[in-house]
Amino acid sequence: MKTGTKRPRLNHVAVVVNPAAGRAGPGAAGEVERILGELGVKGAVTTPGEAGLEACLRAALDTKPDLLAIVAGDGTARAAAEMVGPRGPLLAPLPGGTMNMLPNALYHGRDWKTALADILTDGVERRVSGGEIDGHAFYVAAILGSPALWAEAREAARRGNLGGAIDRARRALRRAFSGRLRFSLGRRPYAKAEALALMCPLVSRAMDDGEGHLEAAAIDPAGALDVFRLGFHAALGDWRADPKVVVTRVRAGRAWASGPIPAVLDGEPIQLGPVADFHFRPVAFKALTPREAEVRA
């Protein structure tokens, strides 16, 4: 992730707020307007209407802003990064959701109000790399295979659907050993594992920003307890903390299975097809982040 040194000129800022997101709330749009006013920044704040968040993001981008800031969850942060791309305006995915995987990687634990004020006061451009699998982008981490099913249970529990969470947890256990994932990393021979995890340079502790690779780890749990632990770490975006993870570097690869592959991309569960190609993206989008890396007290 390459960091600029000059403060970019922000003639027009567009901010999209999802009041229903975990850490935003009904007063978030008003708070954004207050911060913009106090700092003398010209901007427009919008919230999603009946057309939904995606339409709101596209409408904000149509105004040709110098910066698109969002106060929303992980799914919206990833969608905004995909829309902006490497040639779009600067992006600030602020931590307005529950897990905030990408926002926390960029803003180091700041709350969204502090992060917004910091980047508008003295922000710098950062070129953020990432990965892409089966046409879907990710910027923090991805996990493929049965442990990813635990993220679906987590999502159901987060929505207050306890029965759905239990059903999804049972499904994860049933799927745990029903079929192993096959994968090939670069030119290496294909291998099998219960799951394959990929991590981007943005949060890697094993790679420098400019290495141009993803971290890849084959995960092979010995039993249901290991599956639960690995799924828990995957749902929290912290699978590298697990003792069974062994890391290698890869620029591209392929995963395949006998049926659809469950996956988690930046904390969001999705379902891939039975064959999924993935590769490293050297510049995925340009973020506006605080100049200093430390978390403010």
# chains A, B, ... in the order shown; residues from 1 in each chain; ligands from 1

$ residues_around --residues "A:Leu57" --least-positions-apart "6" --cutoff "12 Å" --atoms "only C-alpha atoms" --output "ChimeraX atom specification"
/A:14-18,45-49,51,63-65,68-72,76-84,91,93

$ write_last_selection --atoms "N, CA and C atoms" --output "CSV table (one decimal), in the first residue's frame"
chain,number,residue,atom,x,y,z
A,14,ALA,N,-18.5,13.8,-1.4
A,14,ALA,CA,-19.8,13.2,-1.4
A,14,ALA,C,-19.7,12.1,-0.2
A,15,VAL,N,-20.7,12.2,0.6
A,15,VAL,CA,-20.8,11.2,1.7
A,15,VAL,C,-22.1,10.5,1.7
A,16,VAL,N,-22.0,9.1,1.7
A,16,VAL,CA,-23.2,8.3,1.7
A,16,VAL,C,-23.2,7.6,3.1
A,17,VAL,N,-24.4,7.8,3.8
A,17,VAL,CA,-24.6,7.3,5.1
A,17,VAL,C,-25.7,6.3,5.1
A,18,ASN,N,-25.4,5.1,5.8
A,18,ASN,CA,-26.5,4.2,6.0
A,18,ASN,C,-26.9,4.2,7.5
A,45,VAL,N,-24.3,15.2,1.6
A,45,VAL,CA,-24.6,14.0,2.4
A,45,VAL,C,-25.9,13.4,1.9
A,46,THR,N,-25.9,12.1,1.6
A,46,THR,CA,-27.1,11.4,1.2
A,46,THR,C,-27.3,10.1,1.9
A,47,THR,N,-28.5,9.7,2.0
A,47,THR,CA,-28.8,8.4,2.6
A,47,THR,C,-29.7,7.6,1.6
A,48,PRO,N,-29.6,6.3,1.7
A,48,PRO,CA,-30.3,5.5,0.7
A,48,PRO,C,-31.8,5.6,0.8
A,49,GLY,N,-32.5,5.7,-0.3
A,49,GLY,CA,-33.9,5.7,-0.4
A,49,GLY,C,-34.5,4.3,-0.7
A,51,ALA,N,-34.5,3.0,-3.6
A,51,ALA,CA,-33.7,2.4,-4.6
A,51,ALA,C,-32.5,1.6,-4.0
A,63,THR,N,-21.9,12.7,-9.3
A,63,THR,CA,-21.6,14.1,-9.0
A,63,THR,C,-20.1,14.4,-9.2
A,64,LYS,N,-19.3,13.4,-9.5
A,64,LYS,CA,-17.8,13.6,-9.8
A,64,LYS,C,-17.1,14.2,-8.6
A,65,PRO,N,-17.2,13.5,-7.4
A,65,PRO,CA,-16.6,14.1,-6.2
A,65,PRO,C,-15.1,13.8,-6.2
A,68,LEU,N,-15.2,10.2,-2.1
A,68,LEU,CA,-16.5,9.5,-1.7
A,68,LEU,C,-16.2,8.9,-0.4
A,69,ALA,N,-16.9,9.4,0.6
A,69,ALA,CA,-16.8,8.8,2.0
A,69,ALA,C,-18.1,8.1,2.3
A,70,ILE,N,-18.0,6.9,2.9
A,70,ILE,CA,-19.2,6.2,3.3
A,70,ILE,C,-19.2,5.9,4.8
A,71,VAL,N,-20.3,5.9,5.4
A,71,VAL,CA,-20.5,5.5,6.8
A,71,VAL,C,-21.5,4.3,6.7
A,72,ALA,N,-21.0,3.1,6.7
A,72,ALA,CA,-21.9,2.0,6.4
A,72,ALA,C,-21.1,0.7,6.9
A,76,THR,N,-21.1,-2.7,2.1
A,76,THR,CA,-21.2,-1.4,1.4
A,76,THR,C,-19.7,-0.9,1.1
A,77,ALA,N,-18.8,-1.1,2.1
A,77,ALA,CA,-17.5,-0.7,1.9
A,77,ALA,C,-16.8,-1.4,0.7
A,78,ARG,N,-17.1,-2.7,0.6
A,78,ARG,CA,-16.5,-3.5,-0.5
A,78,ARG,C,-17.1,-3.1,-1.8
A,79,ALA,N,-18.5,-2.9,-1.8
A,79,ALA,CA,-19.2,-2.4,-3.0
A,79,ALA,C,-18.7,-1.1,-3.5
A,80,ALA,N,-18.5,-0.2,-2.6
A,80,ALA,CA,-18.0,1.2,-3.0
A,80,ALA,C,-16.6,1.1,-3.6
A,81,ALA,N,-15.7,0.3,-3.0
A,81,ALA,CA,-14.3,0.1,-3.5
A,81,ALA,C,-14.4,-0.5,-4.9
A,82,GLU,N,-15.3,-1.4,-5.2
A,82,GLU,CA,-15.4,-2.0,-6.5
A,82,GLU,C,-15.9,-0.9,-7.5
A,83,MET,N,-16.8,-0.1,-7.1
A,83,MET,CA,-17.4,0.9,-8.0
A,83,MET,C,-16.3,2.0,-8.3
A,84,VAL,N,-15.6,2.4,-7.3
A,84,VAL,CA,-14.6,3.4,-7.5
A,84,VAL,C,-13.4,2.9,-8.4
A,91,LEU,N,-11.4,7.3,-1.9
A,91,LEU,CA,-12.5,6.6,-1.2
A,91,LEU,C,-12.1,6.6,0.3
A,93,PRO,N,-13.9,4.5,3.2
A,93,PRO,CA,-14.9,3.6,3.8
A,93,PRO,C,-14.8,3.7,5.4

$ residues_around --residues "A:Ala142" --least-positions-apart "2" --cutoff "7 Å" --atoms "only C-alpha atoms" --output "VMD selection string"
chain A and resid 138 144 197 to 199 263 to 266

$ write_last_selection --atoms "N, CA and C atoms" --output "short mmCIF file (atom, residue, chain, number, x, y, z; two decimals), in the first residue's frame"
data_model
loop_
_atom_site.label_atom_id
_atom_site.label_comp_id
_atom_site.auth_asym_id
_atom_site.auth_seq_id
_atom_site.Cartn_x
_atom_site.Cartn_y
_atom_site.Cartn_z
N PHE A 138 -11.84 -8.40 -3.05
CA PHE A 138 -11.67 -8.33 -1.60
C PHE A 138 -10.37 -7.59 -1.32
N LEU A 144 -12.24 -19.66 1.78
CA LEU A 144 -13.06 -20.52 0.94
C LEU A 144 -13.16 -21.89 1.58
N ALA A 197 -7.44 -19.99 2.71
CA ALA A 197 -7.56 -18.61 3.16
C ALA A 197 -6.57 -17.74 2.40
N LEU A 198 -7.00 -16.53 2.06
CA LEU A 198 -6.18 -15.57 1.33
C LEU A 198 -6.21 -14.25 2.08
N MET A 199 -5.05 -13.62 2.22
CA MET A 199 -4.99 -12.34 2.91
C MET A 199 -4.24 -11.33 2.05
N ALA A 263 -17.89 -18.98 0.81
CA ALA A 263 -16.74 -18.10 1.00
C ALA A 263 -17.13 -16.90 1.85
N VAL A 264 -16.13 -16.28 2.43
CA VAL A 264 -16.28 -15.02 3.15
C VAL A 264 -15.26 -14.05 2.58
N LEU A 265 -15.73 -12.91 2.06
CA LEU A 265 -14.85 -11.88 1.52
C LEU A 265 -14.98 -10.63 2.38
N ASP A 266 -13.90 -10.27 3.04
CA ASP A 266 -13.89 -9.09 3.92
C ASP A 266 -15.06 -9.13 4.91
#

$ atom_distance --atom1 "atom CA of A:Glu50" --atom2 "atom CA of A:Gly75"
18.0 Å

$ residues_around --residues "A:His213" --least-positions-apart "6" --cutoff "6 Å" --atoms "only C-alpha atoms" --output "list in words"
Arg249, Val250 and Arg251 of chain A

$ select_by_dssp --residues "stretch 4-85 of chain A" --states "strand (DSSP E)" --output "list in words"
Val13, Ala14, Val15, Val16, Val17, Gly43, Ala44, Val45, Thr46, Leu67, Leu68, Ala69, Ile70, Val71 and Ala72 of chain A

$ write_last_selection --atoms "N, CA and C atoms" --output "mmCIF file, in the first residue's frame"
data_model
loop_
_atom_site.group_PDB
_atom_site.id
_atom_site.type_symbol
_atom_site.label_atom_id
_atom_site.label_comp_id
_atom_site.auth_asym_id
_atom_site.auth_seq_id
_atom_site.Cartn_x
_atom_site.Cartn_y
_atom_site.Cartn_z
ATOM 1 N N VAL A 13 -16.878 16.901 -1.783
ATOM 2 C CA VAL A 13 -16.908 15.623 -1.060
ATOM 3 C C VAL A 13 -18.331 15.090 -1.071
ATOM 4 N N ALA A 14 -18.484 13.833 -1.437
ATOM 5 C CA ALA A 14 -19.786 13.158 -1.371
ATOM 6 C C ALA A 14 -19.738 12.133 -0.245
ATOM 7 N N VAL A 15 -20.726 12.160 0.613
ATOM 8 C CA VAL A 15 -20.782 11.225 1.742
ATOM 9 C C VAL A 15 -22.095 10.458 1.683
ATOM 10 N N VAL A 16 -21.995 9.143 1.695
ATOM 11 C CA VAL A 16 -23.172 8.275 1.727
ATOM 12 C C VAL A 16 -23.246 7.642 3.114
ATOM 13 N N VAL A 17 -24.383 7.799 3.764
ATOM 14 C CA VAL A 17 -24.579 7.310 5.132
ATOM 15 C C VAL A 17 -25.714 6.286 5.144
ATOM 16 N N GLY A 43 -19.560 19.762 0.689
ATOM 17 C CA GLY A 43 -19.935 18.377 0.437
ATOM 18 C C GLY A 43 -21.430 18.163 0.457
ATOM 19 N N ALA A 44 -21.825 16.994 -0.030
ATOM 20 C CA ALA A 44 -23.235 16.603 -0.053
ATOM 21 C C ALA A 44 -23.374 15.280 0.680
ATOM 22 N N VAL A 45 -24.342 15.201 1.584
ATOM 23 C CA VAL A 45 -24.573 13.994 2.385
ATOM 24 C C VAL A 45 -25.894 13.379 1.945
ATOM 25 N N THR A 46 -25.876 12.102 1.613
ATOM 26 C CA THR A 46 -27.088 11.409 1.178
ATOM 27 C C THR A 46 -27.259 10.103 1.941
ATOM 28 N N LEU A 67 -13.722 13.098 -3.374
ATOM 29 C CA LEU A 67 -13.702 12.071 -2.328
ATOM 30 C C LEU A 67 -15.110 11.516 -2.143
ATOM 31 N N LEU A 68 -15.213 10.189 -2.145
ATOM 32 C CA LEU A 68 -16.453 9.522 -1.743
ATOM 33 C C LEU A 68 -16.216 8.891 -0.385
ATOM 34 N N ALA A 69 -16.915 9.377 0.623
ATOM 35 C CA ALA A 69 -16.833 8.806 1.963
ATOM 36 C C ALA A 69 -18.127 8.068 2.254
ATOM 37 N N ILE A 70 -18.027 6.944 2.929
ATOM 38 C CA ILE A 70 -19.227 6.197 3.290
ATOM 39 C C ILE A 70 -19.188 5.858 4.771
ATOM 40 N N VAL A 71 -20.339 5.920 5.396
ATOM 41 C CA VAL A 71 -20.518 5.482 6.783
ATOM 42 C C VAL A 71 -21.522 4.342 6.714
ATOM 43 N N ALA A 72 -21.019 3.128 6.667
ATOM 44 C CA ALA A 72 -21.873 1.964 6.433
ATOM 45 C C ALA A 72 -21.128 0.706 6.853
#

$ atom_distance --atom1 "atom CA of A:Val32" --atom2 "atom CA of A:Leu116"
8.3 Å

$ residues_around --residues "A:Ala252" --least-positions-apart "2" --cutoff "7 Å" --atoms "only C-alpha atoms" --output "list in words"
Leu185, Gly186, Val250, Phe278, His279 and Phe280 of chain A
